[in-house]
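See structure below.
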Amino acid sequence: MQKSNRVSALILGVFFSIGLLSFGHMLSNTAITYKEYERTVTVKGLSEREFEADIVIWPIQFTVASNNIEELYNSIESNTSKIRGFLEMNGLDASEISLSSPAITDKSAQQYGNNAKAEFRYSAQQTVTVYSTKIGAVREVMGKLAELGKTGIVFSAGNYQSETEYLFTRLNEVKPEMIEEATRKAREVALKFAEDSESSLGKIRRASQGQFSINSRDKNNPHIKKVRVVSTVEYYLSD
């Protein structure tokens, strides 16, 4: 009876040992598989293109001065009329031209005890703004503005309010194609990395798209816009 119990215990021990070995092997394989899934590579893909702006905002500022307020307003109206006529004569529509209210300064009210008397009591600044989709036509007119200066109009420049602004508003049209290009380039980089490391490229673990940026190509060509986006993609790697 005791001999039979010993045999049974021995058999049970053998099966138990085999079970432990199998369980250990299974855990080992699971760990190896899990480790393989943790092998990843993160790459970036860039898409960068140039487009011409589709809207131009051109503020044309001029100043006038006088000791007579009525004469001042007459000068504002005269100069404004000249500018309007010049723009329309060069192919711009009246609907593309707008006026702001003139900014009038009374210098006698700003002396604050200073005995120095200004040559002209009143000065005014007026802005005629062109808002157009005719980028080429507007830039051509800009080059001719000196002709108006010869008629006695004093143009203001060098301040923030007089800077010309170019806008690119078709971003939604080019987004899908640029995102596709950035993602494709990211995959090309990942494939090269996998090849060099003697690995196989797996599925995407995670991906993120950066913000689109729109900037002027350079200071001399602000009407040419450089549109840029970067996609970041993380791939699994396996042997």
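The chains in the structure tokens are called A, B, ... from first to last as shown; in each chain the residues are counted from 1, and the ligands are counted from 1 in the order shown.
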Could the residues of stretch 120-172 of chain A that have an atom at most 6 Å from stretch 53-62 of chain A be listed as CSV, each with its closest atom pair and the distance in Å to one decimal, counting only C-alpha atoms and ordered by chain and ascending residue number?
residue,atom,partner,partner_atom,distance
A:Gln125,CA,A:Phe62,CA,5.7
A:Gln126,CA,A:Phe62,CA,5.6
A:Thr127,CA,A:Gln61,CA,4.4
A:Val128,CA,A:Ile60,CA,5.0
A:Thr129,CA,A:Pro59,CA,4.3
A:Val130,CA,A:Trp58,CA,4.9
A:Tyr131,CA,A:Ile57,CA,4.7
A:Ser132,CA,A:Val56,CA,5.5
A:Thr133,CA,A:Ile55,CA,4.5
A:Val154,CA,A:Phe62,CA,5.4
A:Phe155,CA,A:Phe62,CA,4.1
A:Ser156,CA,A:Phe62,CA,5.1
A:Ser162,CA,A:Pro59,CA,5.3
A:Thr164,CA,A:Trp58,CA,4.7
A:Glu165,CA,A:Ile57,CA,5.1
A:Tyr166,CA,A:Val56,CA,4.6
A:Leu167,CA,A:Ile55,CA,5.1
A:Phe168,CA,A:Ala53,CA,4.6
- Write down as an MDAnalysis selection string the residues of stretch 48-223 of chain A whose backbone DSSP state falls under strand (DSSP E). chainID A and resid 48:52 55:66 97:99 103:106 122:132 154:156 165:167 200:209 213:216
Store the residues of this selection in a file with C-alpha atoms, as a compact mmCIF listing (two decimals), in the first residue's frame.
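Written output follows (part35.txt):
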# COMPACT_ATOMS: atom_id res chain seq x y z
CA GLU A 48 5.98 71.98 -47.75
CA ARG A 49 4.59 73.86 -50.73
CA GLU A 50 4.41 77.38 -52.13
CA PHE A 51 1.23 79.12 -53.22
CA GLU A 52 0.41 82.61 -54.37
CA ILE A 55 -6.22 88.26 -51.23
CA VAL A 56 -4.27 91.49 -50.85
CA ILE A 57 -5.08 94.26 -48.36
CA TRP A 58 -3.26 97.45 -49.30
CA PRO A 59 -3.70 100.51 -47.06
CA ILE A 60 -2.70 103.74 -48.81
CA GLN A 61 -2.16 106.46 -46.20
CA PHE A 62 -1.57 110.14 -46.82
CA THR A 63 -1.29 113.23 -44.63
CA VAL A 64 -2.35 116.85 -45.11
CA ALA A 65 -1.87 119.96 -42.96
CA SER A 66 -3.47 123.40 -42.80
CA ILE A 97 -11.73 100.48 -52.59
CA SER A 98 -12.82 101.71 -49.17
CA LEU A 99 -12.16 104.75 -46.98
CA ALA A 103 -7.76 111.22 -38.09
CA ILE A 104 -7.58 114.96 -37.33
CA THR A 105 -5.06 116.47 -34.93
CA ASP A 106 -5.34 119.99 -33.49
CA TYR A 122 -4.31 121.08 -38.07
CA SER A 123 -3.01 117.84 -39.56
CA ALA A 124 -4.90 114.84 -40.80
CA GLN A 125 -4.20 111.29 -41.84
CA GLN A 126 -6.49 109.46 -44.23
CA THR A 127 -6.39 105.81 -45.35
CA VAL A 128 -7.68 104.48 -48.65
CA THR A 129 -7.74 100.67 -48.48
CA VAL A 130 -7.65 98.27 -51.41
CA TYR A 131 -9.09 94.80 -50.70
CA SER A 132 -8.73 92.68 -53.81
CA VAL A 154 2.24 113.12 -49.22
CA PHE A 155 2.06 109.39 -48.54
CA SER A 156 2.74 107.92 -45.11
CA GLU A 165 -1.04 92.22 -46.04
CA TYR A 166 -1.27 89.15 -48.26
CA LEU A 167 -3.61 86.31 -47.31
CA SER A 200 10.09 44.55 -40.35
CA LEU A 201 7.81 47.56 -40.18
CA GLY A 202 4.52 46.85 -38.46
CA LYS A 203 1.31 48.75 -37.95
CA ILE A 204 0.96 52.31 -36.73
CA ARG A 205 0.94 52.59 -32.96
CA ARG A 206 0.01 56.27 -32.87
CA ALA A 207 0.08 59.27 -35.17
CA SER A 208 -0.29 63.02 -34.76
CA GLN A 209 -0.57 65.88 -37.19
CA SER A 213 1.89 77.14 -40.80
CA ILE A 214 1.59 79.84 -43.46
CA ASN A 215 4.45 82.30 -43.87
CA SER A 216 5.80 84.62 -46.54
- Item | Among listed residues A:Lys150, A:Lys144, A:Arg187, A:Arg84, nearest A:Thr232 (using only C-alpha atoms) | A:Arg187
- Message: Can you pull out every residue from stretch 106-174 of chain A that DSSP, working from the backbone, puts in alpha helix (DSSP H), and format the result as a ChimeraX atom specification?
- Response: /A:135-142,146-149,171-174
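Using only C-alpha atoms, the shortest contact distance between A:Val141 and any of A:Ala94, A:Ala194, A:Val174, A:Leu87 is found at A:Leu87.
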- Message: Taking only C-alpha atoms into account, name the residue in A:Ile69, A:Leu145, A:Leu191, A:Ala186 that is nearest to A:Val230.
- Response: A:Ala186
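Atom CA of A:Ser75 is positioned 17.0 Å from atom CA of A:Glu119.
Interatomic distance, atom CA of A:Lys134 against atom CA of A:Ser95: 12.6 Å.
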